[in-house]
>>> print(open('start-v1.txt').read())   # compact mmCIF, C-alpha atoms and all ligand atoms
# COMPACT_ATOMS: atom_id res chain seq x y z
CA MET T 13 0.00 0.00 0.00
CA LYS T 14 1.24 3.51 -0.72
CA LYS T 15 2.14 5.61 2.31
CA ASN T 16 -0.73 8.07 1.79
CA ASN T 17 -3.26 5.25 1.52
CA PHE T 18 -1.89 3.70 4.67
CA ILE T 19 -2.23 6.97 6.58
CA VAL T 20 -5.82 7.34 5.36
CA PHE T 21 -6.58 3.75 6.43
CA ILE T 22 -5.07 4.07 9.92
CA GLY T 23 -6.61 7.53 10.32
CA PHE T 24 -10.05 6.19 9.40
CA ALA T 25 -9.67 3.27 11.80
CA LEU T 26 -8.68 5.60 14.63
CA LEU T 27 -11.39 8.11 13.88
CA PHE T 28 -13.94 5.29 13.99
CA GLY T 29 -12.53 4.20 17.37
CA ALA T 30 -12.55 7.71 18.76
CA CYS T 31 -16.18 8.17 17.76
CA LYS T 32 -17.35 4.76 18.86
CA SER T 33 -15.62 4.21 22.17
CA ASN T 34 -13.83 5.84 25.02
CA THR T 35 -10.85 4.29 26.76
CA ASN T 36 -11.16 2.69 30.18
CA LYS T 37 -10.04 5.98 31.73
CA GLY T 38 -12.76 7.79 29.83
CA GLU T 39 -10.25 9.79 27.76
CA LYS T 40 -10.96 10.42 24.07
CA ILE T 41 -8.37 8.89 21.75
CA SER T 42 -6.30 11.52 19.99
CA THR T 43 -6.39 10.33 16.40
CA THR T 44 -3.61 12.57 15.11
CA ASP T 45 -1.08 11.65 17.77
CA ALA T 46 -1.86 7.94 17.81
CA ASN T 47 -1.63 7.83 14.04
CA GLY T 48 1.89 9.22 13.93
CA LEU T 49 2.88 7.06 16.87
CA LEU T 50 2.07 3.78 15.14
CA GLU T 51 4.24 4.62 12.14
CA LYS T 52 7.08 5.69 14.44
CA ARG T 53 6.87 2.38 16.28
CA PHE T 54 7.26 0.59 12.95
CA GLU T 55 10.62 2.33 12.45
CA ASN T 56 11.84 0.89 15.77
CA LEU T 57 11.37 -2.63 14.41
CA LEU T 58 13.29 -1.77 11.26
CA ASP T 59 16.20 -0.26 13.20
CA TYR T 60 16.68 -3.33 15.43
CA GLN T 61 19.92 -5.09 14.51
CA VAL T 62 19.70 -8.54 12.87
CA ASP T 63 21.31 -11.18 15.10
CA ALA T 64 20.57 -14.93 15.22
CA LEU T 65 20.71 -15.02 19.03
CA SER T 66 18.68 -11.88 19.67
CA PHE T 67 15.09 -12.35 18.54
CA PRO T 68 13.20 -9.73 20.58
CA ARG T 69 10.67 -11.41 22.88
CA SER T 70 9.59 -8.79 25.41
CA MET T 71 10.85 -5.71 27.19
CA SER T 72 10.94 -4.43 30.72
CA LEU T 73 10.34 -0.69 30.82
CA ASN T 74 11.83 0.28 34.15
CA PRO T 75 14.74 0.07 33.52
CA GLU T 76 14.44 -0.40 29.75
CA GLU T 77 15.82 -3.81 28.83
CA ILE T 78 15.00 -5.98 25.81
CA HIS T 79 14.57 -9.70 26.52
CA LYS T 80 16.34 -11.43 23.59
CA VAL T 81 16.04 -15.11 22.68
CA PRO T 82 17.51 -17.57 20.13
CA SER T 83 15.42 -19.24 17.39
CA LYS T 84 14.52 -22.22 19.61
CA ASP T 85 12.33 -20.02 21.84
CA TRP T 86 8.60 -20.42 21.11
CA THR T 87 8.26 -16.70 20.35
CA SER T 88 11.06 -16.37 17.77
CA GLY T 89 8.85 -16.52 14.64
CA PHE T 90 6.73 -13.54 15.62
CA PHE T 91 9.35 -10.85 14.97
CA PRO T 92 9.95 -11.87 11.34
CA GLY T 93 6.15 -12.14 11.05
CA ASN T 94 5.76 -8.59 12.33
CA LEU T 95 8.14 -7.29 9.68
CA TRP T 96 6.26 -9.19 6.93
CA GLN T 97 2.96 -7.73 8.13
CA ILE T 98 4.29 -4.17 8.35
CA TYR T 99 5.48 -4.65 4.77
CA ALA T 100 1.92 -5.66 3.87
CA LEU T 101 0.49 -2.60 5.64
CA THR T 102 2.98 0.00 4.38
CA GLY T 103 4.34 -1.43 1.11
CA LYS T 104 7.82 -0.34 2.20
CA LYS T 105 10.42 -2.66 0.67
CA GLU T 106 12.91 -2.24 3.53
CA PHE T 107 10.52 -4.14 5.84
CA LYS T 108 10.38 -7.02 3.37
CA ASN T 109 14.18 -7.15 3.16
CA LYS T 110 14.50 -7.24 6.96
CA ALA T 111 11.74 -9.85 7.17
CA MET T 112 13.66 -12.09 4.77
CA GLU T 113 16.87 -11.75 6.80
CA TRP T 114 15.15 -12.62 10.09
CA THR T 115 13.12 -15.44 8.53
CA ALA T 116 16.27 -17.13 7.20
CA LEU T 117 17.60 -17.26 10.78
CA MET T 118 14.67 -19.49 11.77
CA GLU T 119 15.38 -22.36 9.38
CA ASP T 120 17.15 -24.61 11.93
CA GLN T 121 13.82 -24.97 13.75
CA GLN T 122 12.33 -27.19 11.02
CA TRP T 123 14.30 -30.05 12.62
CA ASN T 124 13.49 -29.28 16.27
CA ASP T 125 11.32 -32.16 17.54
CA LYS T 126 11.53 -31.13 21.20
CA THR T 127 8.62 -28.71 20.92
CA HIS T 128 5.04 -28.43 19.69
CA ASP T 129 5.51 -24.72 19.01
CA MET T 130 6.44 -25.38 15.38
CA GLY T 131 3.43 -23.49 14.05
CA PHE T 132 4.19 -20.36 16.06
CA LYS T 133 7.80 -20.47 14.96
CA ILE T 134 7.66 -21.58 11.35
CA PHE T 135 4.22 -20.51 10.23
CA CYS T 136 4.44 -16.97 11.63
CA SER T 137 7.80 -16.50 9.83
CA PHE T 138 8.06 -18.70 6.70
CA GLY T 139 4.28 -19.08 6.37
CA GLU T 140 3.69 -15.34 6.63
CA GLY T 141 6.57 -14.72 4.21
CA LEU T 142 5.10 -17.06 1.62
CA LYS T 143 2.15 -14.66 1.23
CA TYR T 144 4.45 -11.93 -0.07
CA HIS T 145 7.42 -13.88 -1.45
CA GLU T 146 6.47 -16.96 -3.46
CA ASN T 147 9.38 -19.44 -3.41
CA GLN T 148 10.06 -23.17 -3.12
CA TYR T 149 12.53 -22.87 -0.24
CA TYR T 150 9.87 -21.51 2.16
CA LYS T 151 7.49 -24.28 1.08
CA ASP T 152 10.15 -26.95 1.71
CA VAL T 153 10.80 -25.58 5.21
CA ILE T 154 7.06 -25.62 6.00
CA VAL T 155 6.64 -29.23 4.85
CA GLN T 156 9.72 -30.45 6.75
CA SER T 157 8.48 -28.61 9.87
CA ALA T 158 5.13 -30.39 9.55
CA LYS T 159 6.91 -33.76 9.33
CA THR T 160 8.93 -32.94 12.45
CA LEU T 161 5.83 -31.78 14.37
CA CYS T 162 3.96 -34.98 13.47
CA THR T 163 6.61 -37.06 15.30
CA ARG T 164 4.89 -35.74 18.43
CA TYR T 165 1.55 -37.35 17.51
CA ASN T 166 0.44 -40.26 19.69
CA SER T 167 -2.18 -42.48 18.05
CA ASN T 168 -3.42 -43.85 21.40
CA VAL T 169 -4.16 -40.39 22.71
CA LYS T 170 -5.06 -39.01 19.25
CA LEU T 171 -3.20 -35.77 19.98
CA LEU T 172 0.10 -33.99 19.42
CA ARG T 173 2.09 -33.82 22.64
CA SER T 174 2.64 -30.26 23.88
CA TRP T 175 5.40 -30.04 26.46
CA ASP T 176 8.25 -32.41 27.38
CA PHE T 177 9.04 -30.74 30.71
CA ASN T 178 7.36 -31.90 33.95
CA ALA T 179 7.30 -35.44 32.43
CA ASP T 180 7.39 -37.02 35.91
CA ILE T 181 4.09 -35.25 36.79
CA TRP T 182 2.38 -34.93 33.40
CA GLU T 183 2.42 -38.14 31.37
CA PHE T 184 1.16 -36.54 28.14
CA PRO T 185 0.24 -32.84 28.48
CA VAL T 186 -1.73 -30.99 25.82
CA ILE T 187 -2.33 -27.26 26.10
CA ILE T 188 -5.05 -25.28 24.36
CA ASP T 189 -2.29 -23.19 22.73
CA ASN T 190 -1.45 -26.26 20.62
CA MET T 191 -4.51 -25.52 18.45
CA MET T 192 -2.40 -22.70 16.99
CA ASN T 193 0.09 -25.16 15.49
CA LEU T 194 -2.52 -26.81 13.27
CA GLU T 195 -2.49 -24.15 10.55
CA LEU T 196 1.05 -25.25 9.66
CA LEU T 197 -0.14 -28.84 9.22
CA PHE T 198 -3.20 -27.94 7.16
CA GLU T 199 -1.08 -25.76 4.89
CA ALA T 200 1.65 -28.41 4.60
CA THR T 201 -0.96 -30.76 3.11
CA LYS T 202 -2.02 -28.09 0.62
CA ILE T 203 1.63 -27.54 -0.40
CA SER T 204 2.74 -31.18 -0.53
CA GLY T 205 -0.45 -33.10 -1.29
CA ASP T 206 0.34 -35.41 1.65
CA SER T 207 -2.95 -35.76 3.57
CA THR T 208 -1.24 -37.14 6.70
CA PHE T 209 -0.70 -33.63 8.09
CA HIS T 210 -4.33 -32.59 7.56
CA LYS T 211 -5.64 -35.79 9.17
CA ILE T 212 -3.46 -35.38 12.26
CA ALA T 213 -4.47 -31.73 12.61
CA GLU T 214 -8.18 -32.56 12.29
CA GLN T 215 -7.93 -35.39 14.82
CA HIS T 216 -6.04 -33.16 17.27
CA ALA T 217 -8.85 -30.59 17.00
CA LYS T 218 -11.53 -33.28 17.55
CA THR T 219 -9.88 -34.71 20.67
CA THR T 220 -9.28 -31.20 22.04
CA LEU T 221 -12.94 -30.35 21.41
CA ASN T 222 -14.00 -33.40 23.42
CA ASN T 223 -11.83 -32.79 26.46
CA HIS T 224 -10.67 -29.20 26.85
CA PHE T 225 -13.93 -27.30 27.40
CA ARG T 226 -16.04 -26.69 30.47
CA PRO T 227 -19.86 -26.59 30.32
CA ASP T 228 -19.71 -22.76 30.15
CA ASN T 229 -17.45 -23.05 27.05
CA SER T 230 -14.37 -21.63 28.73
CA THR T 231 -11.27 -23.75 28.19
CA TYR T 232 -8.87 -25.44 30.53
CA HIS T 233 -5.22 -24.68 29.88
CA VAL T 234 -3.58 -28.12 30.27
CA VAL T 235 -5.21 -31.54 29.85
CA VAL T 236 -3.03 -34.51 30.81
CA TYR T 237 -3.58 -37.92 29.18
CA ASP T 238 -2.68 -41.57 29.77
CA THR T 239 -0.50 -42.70 26.86
CA ILE T 240 -1.69 -46.34 27.00
CA ASN T 241 -5.48 -45.95 26.96
CA GLY T 242 -5.82 -42.27 26.01
CA ALA T 243 -7.89 -41.44 29.13
CA VAL T 244 -7.90 -37.94 30.61
CA LYS T 245 -5.91 -37.96 33.87
CA GLN T 246 -5.91 -34.29 34.92
CA LYS T 247 -7.23 -30.89 33.92
CA VAL T 248 -4.96 -28.17 35.27
CA THR T 249 -3.37 -24.82 34.53
CA HIS T 250 0.15 -23.56 34.03
CA GLN T 251 -0.36 -19.90 33.21
CA GLY T 252 -3.77 -19.28 34.77
CA ILE T 253 -4.43 -18.18 38.34
CA HIS T 254 -5.82 -21.61 39.32
CA ASP T 255 -6.89 -24.87 37.65
CA GLU T 256 -10.55 -23.87 37.27
CA SER T 257 -9.86 -20.28 36.20
CA SER T 258 -10.11 -18.81 32.69
CA TRP T 259 -6.65 -17.75 31.57
CA ALA T 260 -7.41 -14.94 29.09
CA ARG T 261 -4.89 -15.85 26.38
CA GLY T 262 -5.97 -19.47 26.55
CA GLN T 263 -9.55 -18.44 25.72
CA GLY T 264 -8.08 -16.52 22.79
CA TRP T 265 -6.08 -19.52 21.54
CA ALA T 266 -9.32 -21.54 21.63
CA ILE T 267 -11.41 -18.98 19.70
CA TYR T 268 -8.73 -18.43 17.09
CA GLY T 269 -7.63 -22.11 16.94
CA PHE T 270 -11.09 -23.55 16.34
CA THR T 271 -11.80 -20.87 13.74
CA ILE T 272 -8.68 -22.05 11.87
CA ALA T 273 -9.76 -25.69 12.23
CA TYR T 274 -13.11 -24.75 10.69
CA ARG T 275 -11.38 -22.86 7.86
CA TYR T 276 -9.69 -26.05 6.63
CA THR T 277 -12.24 -28.75 7.53
CA LYS T 278 -15.63 -27.00 7.38
CA ASN T 279 -16.55 -29.16 10.40
CA LYS T 280 -19.48 -27.22 11.94
CA GLU T 281 -18.63 -28.47 15.45
CA PHE T 282 -15.36 -26.52 15.29
CA LEU T 283 -17.18 -23.36 14.24
CA ASP T 284 -19.76 -23.84 17.00
CA GLN T 285 -17.00 -24.15 19.61
CA ALA T 286 -15.21 -21.05 18.36
CA GLU T 287 -18.50 -19.13 18.57
CA ALA T 288 -19.40 -20.50 21.99
CA THR T 289 -16.02 -19.56 23.49
CA ALA T 290 -16.18 -16.16 21.76
CA THR T 291 -19.60 -15.54 23.35
CA TYR T 292 -18.24 -16.58 26.76
CA TYR T 293 -15.29 -14.19 26.34
CA MET T 294 -17.16 -11.17 24.92
CA SER T 295 -19.92 -11.29 27.52
CA HIS T 296 -17.73 -12.03 30.56
CA LYS T 297 -18.72 -9.86 33.51
CA ASN T 298 -15.05 -9.31 34.41
CA LEU T 299 -14.01 -8.01 30.98
CA PRO T 300 -13.01 -4.34 31.38
CA GLU T 301 -14.94 -1.63 29.51
CA ASP T 302 -12.30 -1.22 26.78
CA GLY T 303 -12.34 -4.96 25.96
CA ILE T 304 -8.70 -5.58 26.97
CA PRO T 305 -8.86 -8.43 29.52
CA TYR T 306 -7.01 -8.94 32.75
CA TRP T 307 -4.53 -11.78 32.20
CA ASP T 308 -7.01 -14.13 33.88
CA PHE T 309 -10.78 -13.58 34.05
CA ASP T 310 -10.80 -14.82 37.68
CA LEU T 311 -8.49 -12.09 38.95
CA PRO T 312 -10.03 -9.23 40.93
CA SER T 313 -10.98 -6.29 38.71
CA GLY T 314 -9.32 -2.94 39.30
CA PRO T 315 -6.65 -0.56 38.04
CA ASP T 316 -3.79 -2.53 39.62
CA THR T 317 -4.64 -5.84 37.98
CA PRO T 318 -2.42 -6.32 34.90
CA ARG T 319 -4.07 -6.63 31.51
CA ASP T 320 -3.07 -8.85 28.62
CA ALA T 321 -3.08 -6.87 25.38
CA SER T 322 -1.81 -9.99 23.58
CA ALA T 323 -5.05 -11.83 24.38
CA ALA T 324 -7.05 -8.83 23.17
CA ALA T 325 -5.13 -8.60 19.87
CA LEU T 326 -5.42 -12.34 19.27
CA VAL T 327 -9.16 -12.34 19.94
CA SER T 328 -9.69 -9.28 17.74
CA SER T 329 -7.89 -10.97 14.84
CA GLY T 330 -9.71 -14.28 15.38
CA LEU T 331 -13.10 -12.54 15.49
CA PHE T 332 -12.53 -10.87 12.13
CA GLU T 333 -12.15 -14.34 10.64
CA LEU T 334 -15.12 -15.70 12.62
CA TYR T 335 -17.20 -12.82 11.25
CA SER T 336 -16.19 -13.77 7.69
CA TYR T 337 -17.82 -17.23 8.14
CA THR T 338 -20.88 -16.26 10.19
CA LYS T 339 -21.57 -12.64 9.12
CA LYS T 340 -22.61 -11.98 12.72
CA GLN T 341 -22.07 -8.26 13.17
CA SER T 342 -21.36 -8.54 16.91
CA TYR T 343 -17.97 -10.22 16.16
CA SER T 344 -16.88 -7.53 13.75
CA THR T 345 -18.08 -4.73 16.04
CA PHE T 346 -16.28 -6.17 19.08
CA ALA T 347 -13.07 -6.86 17.09
CA THR T 348 -13.07 -3.31 15.70
CA ARG T 349 -13.69 -1.72 19.10
CA VAL T 350 -10.86 -3.66 20.74
CA LEU T 351 -8.49 -3.00 17.84
CA ASN T 352 -9.19 0.73 17.98
CA ASN T 353 -8.59 0.77 21.72
CA LEU T 354 -5.25 -1.00 21.23
CA ASN T 355 -4.38 1.41 18.44
CA SER T 356 -4.46 4.38 20.81
CA LYS T 357 -2.09 6.16 23.15
CA ASN T 358 -3.35 3.96 25.98
CA TYR T 359 -1.79 0.85 24.48
CA LEU T 360 0.78 2.00 21.88
CA LEU T 361 4.28 2.19 23.30
CA GLU T 362 5.52 5.76 23.74
CA GLU T 363 7.79 7.25 21.09
CA SER T 364 10.56 7.69 23.67
CA ILE T 365 10.89 3.92 24.27
CA ASN T 366 13.71 2.51 22.18
CA GLY T 367 12.73 -1.09 21.59
CA PRO T 368 11.39 -3.15 18.64
CA PHE T 369 7.82 -3.36 19.95
CA ILE T 370 4.48 -1.68 19.21
CA LEU T 371 2.07 -2.37 22.08
CA LYS T 372 2.44 -2.25 25.85
CA HIS T 373 0.38 -3.87 28.64
CA SER T 374 0.73 -7.60 27.88
CA THR T 375 1.32 -10.36 30.41
CA GLY T 376 3.37 -13.46 29.59
CA ASN T 377 3.24 -15.69 32.64
CA GLY T 378 1.32 -14.27 35.62
CA PRO T 379 1.82 -17.11 38.13
CA LYS T 380 5.60 -17.04 37.54
CA ASN T 381 5.61 -13.23 37.82
CA ASP T 382 7.29 -13.18 34.42
CA GLU T 383 6.67 -10.53 31.72
CA ILE T 384 4.00 -8.66 33.67
CA ASP T 385 2.48 -5.59 31.99
CA GLU T 386 5.15 -5.45 29.27
CA PRO T 387 5.50 -5.11 25.52
CA ILE T 388 5.54 -8.69 24.13
CA VAL T 389 6.26 -9.65 20.54
CA TYR T 390 3.21 -11.85 19.94
CA ALA T 391 0.81 -9.06 20.97
CA ASP T 392 2.27 -7.02 18.11
CA TYR T 393 1.92 -9.96 15.71
CA TYR T 394 -1.82 -10.44 16.27
CA PHE T 395 -2.40 -6.66 16.42
CA LEU T 396 -0.84 -6.24 12.97
CA GLU T 397 -2.77 -9.24 11.68
CA ALA T 398 -6.00 -7.74 13.03
CA LEU T 399 -5.24 -4.43 11.27
CA LEU T 400 -4.74 -6.33 7.99
CA ARG T 401 -7.92 -8.36 8.51
CA GLN T 402 -9.91 -5.26 9.36
CA LYS T 403 -8.69 -3.72 6.14
CA SER T 404 -9.74 -6.63 3.97
CA SER T 405 -13.01 -7.03 5.87
CA SER T 406 -13.95 -3.38 5.25
CA LYS T 407 -13.06 -3.77 1.55
CA GLU T 408 -15.50 -6.71 1.28
CA LYS T 409 -18.39 -4.76 2.83
N1 LIG C 1 2.12 -20.68 24.33
C1 LIG C 1 2.50 -19.97 25.45
C2 LIG C 1 1.71 -18.77 25.79
O1 LIG C 1 0.66 -18.47 25.29
O2 LIG C 1 2.18 -18.08 26.66
>>> encode(input="start-v1.txt", output="structure tokens")
Amino acid sequence: MKKNNFIVFIGFALLFGACKSNTNKGEKISTTDANGLLEKRFENLLDYQVDALSFPRSMSLNPEEIHKVPSKDWTSGFFPGNLWQIYALTGKKEFKNKAMEWTALMEDQQWNDKTHDMGFKIFCSFGEGLKYHENQYYKDVIVQSAKTLCTRYNSNVKLLRSWDFNADIWEFPVIIDNMMNLELLFEATKISGDSTFHKIAEQHAKTTLNNHFRPDNSTYHVVVYDTINGAVKQKVTHQGIHDESSWARGQGWAIYGFTIAYRYTKNKEFLDQAEATATYYMSHKNLPEDGIPYWDFDLPSGPDTPRDASAAALVSSGLFELYSYTKKQSYSTFATRVLNNLNSKNYLLEESINGPFILKHSTGNGPKNDEIDEPIVYADYYFLEALLRQKSSSKEK
């Protein structure tokens, strides 16, 4: 997109937000300032030096310190993905060039069988890149990554194993986040013609549908299985406040993940689950006025309880896709309201902060007191994706 068109688009989006909603503090969003701020934040990502051991993951603000990780970290693929998406939003070639450099540094992960996070890593980098840079090398990496991920499938349990740690306590743990790795498998079948990947992904979604949800359609975080008979042994949490609580990002992974599963299978049960969890989330009595959740719905409400902008961005993006299948206006309206609130001075990182991030106020791991109320790379990824989806959704209308 040309720069002028981009400014008009962002300006329109912000103006809509300013008219439609106030922030949680009741302040009007300043469209002019927030507009310039977003573009300035983009420049921070471009200026960040390329280094295989320094993928930016998050940032503490007091004092300012960037948390850098190597490609094996589950979050590494998001930064290349952010650069690809800014290229899509702005049309500026320098973002594409940087995206290609960072994406190339991820290629070792196609062989990493110690993790289920293959989709986050490879699909958010190589998969995103393939949309704007058609080439066989990216396709080969995606297919090899799918093969590696499928080594974690257990046919007794009918699921892909999530974590290897805590193996003495959790025989076969599966987390709701794992739904996000299925897009890689579905796409690998489309690229290669090998239906194995699609079948494993669909089965993983079916087993998750059967076991991960509560009667109110909120999701557990971790379900632990018996590897011999496939029975459920435990339903617990790792990043929520307690086992029966609703960890906000987990609800987001469920809404988004089952929407993806529907995209590829057209299985109505997957769509129904995505809608049911979306309804639970959007109508929750403990969701703050601006639609940006506390990091767990069961935390006490109030100004001192940290939010999770990453959950908000992820849900906003997922709801734009859910709207495209259902045409239910409430999804599009909610997604737009949340996106506009994120795209304001309340959630955009200040110009004075020198780090390769866009949004503030995300929470990584509340119970471990880790990455509390910080800029986090995956919040930016889903925020940018939501901006792109909003753009194509408004073109269709
Ligand atoms: N997959 C880890 C997280 O959502 O924090």
>>> closest_residue(input="start-v1.txt", among="T:Asp206, T:Glu256, T:Asp85, T:Glu106", to="Asn124 in chain T", atoms="all atoms listed in the file")
T:Asp85
>>> residues_around(input="start-v1.txt", residues="Trp259 in chain T", least_positions_apart="3", cutoff="10 Å", atoms="all atoms listed in the file", output="list in words")
Ser230, Thr231, Tyr232, His233, Thr249, His250, Gln251, Gly252, Ile253, His254, Asp255, Glu256, Gly262, Gln263, Gly264, Pro305, Tyr306, Trp307, Asp308, Phe309, Asp310, Leu311, Ala323 and Gly378 of chain T
>>> atom_distance(input="start-v1.txt", atom1="CA of Asp152 in chain T", atom2="CA of Asp189 in chain T")
24.7 Å
>>> residues_around(input="start-v1.txt", residues="range 358-362 of chain T", least_positions_apart="2", cutoff="10 Å", atoms="all atoms listed in the file", output="VMD selection string")
chain T and resid 35 to 37 39 41 46 49 to 50 52 to 53 304 321 352 to 356 364 to 367 369 to 374 386 to 387 392
>>> residues_near_ligand(input="start-v1.txt", ligand="ligand LIG 1 (chain C)", cutoff="12 Å", atoms="only C-alpha atoms and all ligand atoms", output="JSON, numbers by chain")
{"T": [69, 70, 85, 86, 87, 88, 127, 128, 129, 130, 131, 132, 133, 174, 175, 186, 187, 188, 189, 190, 191, 192, 193, 233, 234, 249, 250, 251, 252, 259, 260, 261, 262, 263, 264, 265, 266, 307, 320, 322, 323, 326, 374, 375, 376, 377, 378, 379, 380, 382, 383, 384, 388, 389, 390, 391]}
>>> write_last_selection(input="start-v1.txt", atoms="C-alpha atoms", output="PDB file, in the coordinates of the input")
ATOM      1  CA  ARG T  69      10.670 -11.410  22.880  1.00  0.00           C
ATOM      2  CA  SER T  70       9.590  -8.790  25.410  1.00  0.00           C
ATOM      3  CA  ASP T  85      12.330 -20.020  21.840  1.00  0.00           C
ATOM      4  CA  TRP T  86       8.600 -20.420  21.110  1.00  0.00           C
ATOM      5  CA  THR T  87       8.260 -16.700  20.350  1.00  0.00           C
ATOM      6  CA  SER T  88      11.060 -16.370  17.770  1.00  0.00           C
ATOM      7  CA  THR T 127       8.620 -28.710  20.920  1.00  0.00           C
ATOM      8  CA  HIS T 128       5.040 -28.430  19.690  1.00  0.00           C
ATOM      9  CA  ASP T 129       5.510 -24.720  19.010  1.00  0.00           C
ATOM     10  CA  MET T 130       6.440 -25.380  15.380  1.00  0.00           C
ATOM     11  CA  GLY T 131       3.430 -23.490  14.050  1.00  0.00           C
ATOM     12  CA  PHE T 132       4.190 -20.360  16.060  1.00  0.00           C
ATOM     13  CA  LYS T 133       7.800 -20.470  14.960  1.00  0.00           C
ATOM     14  CA  SER T 174       2.640 -30.260  23.880  1.00  0.00           C
ATOM     15  CA  TRP T 175       5.400 -30.040  26.460  1.00  0.00           C
ATOM     16  CA  VAL T 186      -1.730 -30.990  25.820  1.00  0.00           C
ATOM     17  CA  ILE T 187      -2.330 -27.260  26.100  1.00  0.00           C
ATOM     18  CA  ILE T 188      -5.050 -25.280  24.360  1.00  0.00           C
ATOM     19  CA  ASP T 189      -2.290 -23.190  22.730  1.00  0.00           C
ATOM     20  CA  ASN T 190      -1.450 -26.260  20.620  1.00  0.00           C
ATOM     21  CA  MET T 191      -4.510 -25.520  18.450  1.00  0.00           C
ATOM     22  CA  MET T 192      -2.400 -22.700  16.990  1.00  0.00           C
ATOM     23  CA  ASN T 193       0.090 -25.160  15.490  1.00  0.00           C
ATOM     24  CA  HIS T 233      -5.220 -24.680  29.880  1.00  0.00           C
ATOM     25  CA  VAL T 234      -3.580 -28.120  30.270  1.00  0.00           C
ATOM     26  CA  THR T 249      -3.370 -24.820  34.530  1.00  0.00           C
ATOM     27  CA  HIS T 250       0.150 -23.560  34.030  1.00  0.00           C
ATOM     28  CA  GLN T 251      -0.360 -19.900  33.210  1.00  0.00           C
ATOM     29  CA  GLY T 252      -3.770 -19.280  34.770  1.00  0.00           C
ATOM     30  CA  TRP T 259      -6.650 -17.750  31.570  1.00  0.00           C
ATOM     31  CA  ALA T 260      -7.410 -14.940  29.090  1.00  0.00           C
ATOM     32  CA  ARG T 261      -4.890 -15.850  26.380  1.00  0.00           C
ATOM     33  CA  GLY T 262      -5.970 -19.470  26.550  1.00  0.00           C
ATOM     34  CA  GLN T 263      -9.550 -18.440  25.720  1.00  0.00           C
ATOM     35  CA  GLY T 264      -8.080 -16.520  22.790  1.00  0.00           C
ATOM     36  CA  TRP T 265      -6.080 -19.520  21.540  1.00  0.00           C
ATOM     37  CA  ALA T 266      -9.320 -21.540  21.630  1.00  0.00           C
ATOM     38  CA  TRP T 307      -4.530 -11.780  32.200  1.00  0.00           C
ATOM     39  CA  ASP T 320      -3.070  -8.850  28.620  1.00  0.00           C
ATOM     40  CA  SER T 322      -1.810  -9.990  23.580  1.00  0.00           C
ATOM     41  CA  ALA T 323      -5.050 -11.830  24.380  1.00  0.00           C
ATOM     42  CA  LEU T 326      -5.420 -12.340  19.270  1.00  0.00           C
ATOM     43  CA  SER T 374       0.730  -7.600  27.880  1.00  0.00           C
ATOM     44  CA  THR T 375       1.320 -10.360  30.410  1.00  0.00           C
ATOM     45  CA  GLY T 376       3.370 -13.460  29.590  1.00  0.00           C
ATOM     46  CA  ASN T 377       3.240 -15.690  32.640  1.00  0.00           C
ATOM     47  CA  GLY T 378       1.320 -14.270  35.620  1.00  0.00           C
ATOM     48  CA  PRO T 379       1.820 -17.110  38.130  1.00  0.00           C
ATOM     49  CA  LYS T 380       5.600 -17.040  37.540  1.00  0.00           C
ATOM     50  CA  ASP T 382       7.290 -13.180  34.420  1.00  0.00           C
ATOM     51  CA  GLU T 383       6.670 -10.530  31.720  1.00  0.00           C
ATOM     52  CA  ILE T 384       4.000  -8.660  33.670  1.00  0.00           C
ATOM     53  CA  ILE T 388       5.540  -8.690  24.130  1.00  0.00           C
ATOM     54  CA  VAL T 389       6.260  -9.650  20.540  1.00  0.00           C
ATOM     55  CA  TYR T 390       3.210 -11.850  19.940  1.00  0.00           C
ATOM     56  CA  ALA T 391       0.810  -9.060  20.970  1.00  0.00           C
TER      57      ALA T 391
END
>>> residues_around(input="start-v1.txt", residues="range 108-121 of chain T", least_positions_apart="5", cutoff="6 Å", atoms="only C-alpha atoms", output="PyMOL selection string")
chain T and resi 64+83+92+95-96+99+137
>>> atom_distance(input="start-v1.txt", atom1="CA of Ala273 in chain T", atom2="CA of Ala288 in chain T")
14.7 Å
>>> atom_distance(input="start-v1.txt", atom1="CA of Asp316 in chain T", atom2="CA of Phe90 in chain T")
28.4 Å
>>> closest_residue(input="start-v1.txt", among="T:Pro318, T:Gly48, T:Gly139, T:Gly89", to="Ser66 in chain T", atoms="only C-alpha atoms")
T:Gly89
>>> residues_around(input="start-v1.txt", residues="Ala217 in chain T", least_positions_apart="6", cutoff="9 Å", atoms="all atoms listed in the file", output="list in words")
Leu171, Met191, Leu194, Gly269, Phe270, Ala273 and Phe282 of chain T
>>> axis_aligned_box(input="start-v1.txt", around="range 136-154 of chain T", padding_each_side="3 Å", output="AutoDock Vina command-line options")
--center_x 7.3 --center_y -19.4 --center_z 4.1 --size_x 16.4 --size_y 21.0 --size_z 21.1
>>> closest_residue(input="start-v1.txt", among="T:Trp182, T:Phe54, T:Tyr144, T:Phe395", to="Ala347 in chain T", atoms="only C-alpha atoms")
T:Phe395
>>> residues_around(input="start-v1.txt", residues="Met294 in chain T", least_positions_apart="3", cutoff="10 Å", atoms="all atoms listed in the file", output="JSON list (two decimals) with C-alpha atoms, keeping the file's coordinate frame")
[["chain", "number", "residue", "atom", "x", "y", "z"],
["T", 289, "THR", "CA", -16.02, -19.56, 23.49],
["T", 290, "ALA", "CA", -16.18, -16.16, 21.76],
["T", 291, "THR", "CA", -19.60, -15.54, 23.35],
["T", 297, "LYS", "CA", -18.72, -9.86, 33.51],
["T", 298, "ASN", "CA", -15.05, -9.31, 34.41],
["T", 299, "LEU", "CA", -14.01, -8.01, 30.98],
["T", 303, "GLY", "CA", -12.34, -4.96, 25.96],
["T", 305, "PRO", "CA", -8.86, -8.43, 29.52],
["T", 327, "VAL", "CA", -9.16, -12.34, 19.94],
["T", 342, "SER", "CA", -21.36, -8.54, 16.91],
["T", 343, "TYR", "CA", -17.97, -10.22, 16.16],
["T", 346, "PHE", "CA", -16.28, -6.17, 19.08],
["T", 347, "ALA", "CA", -13.07, -6.86, 17.09]]
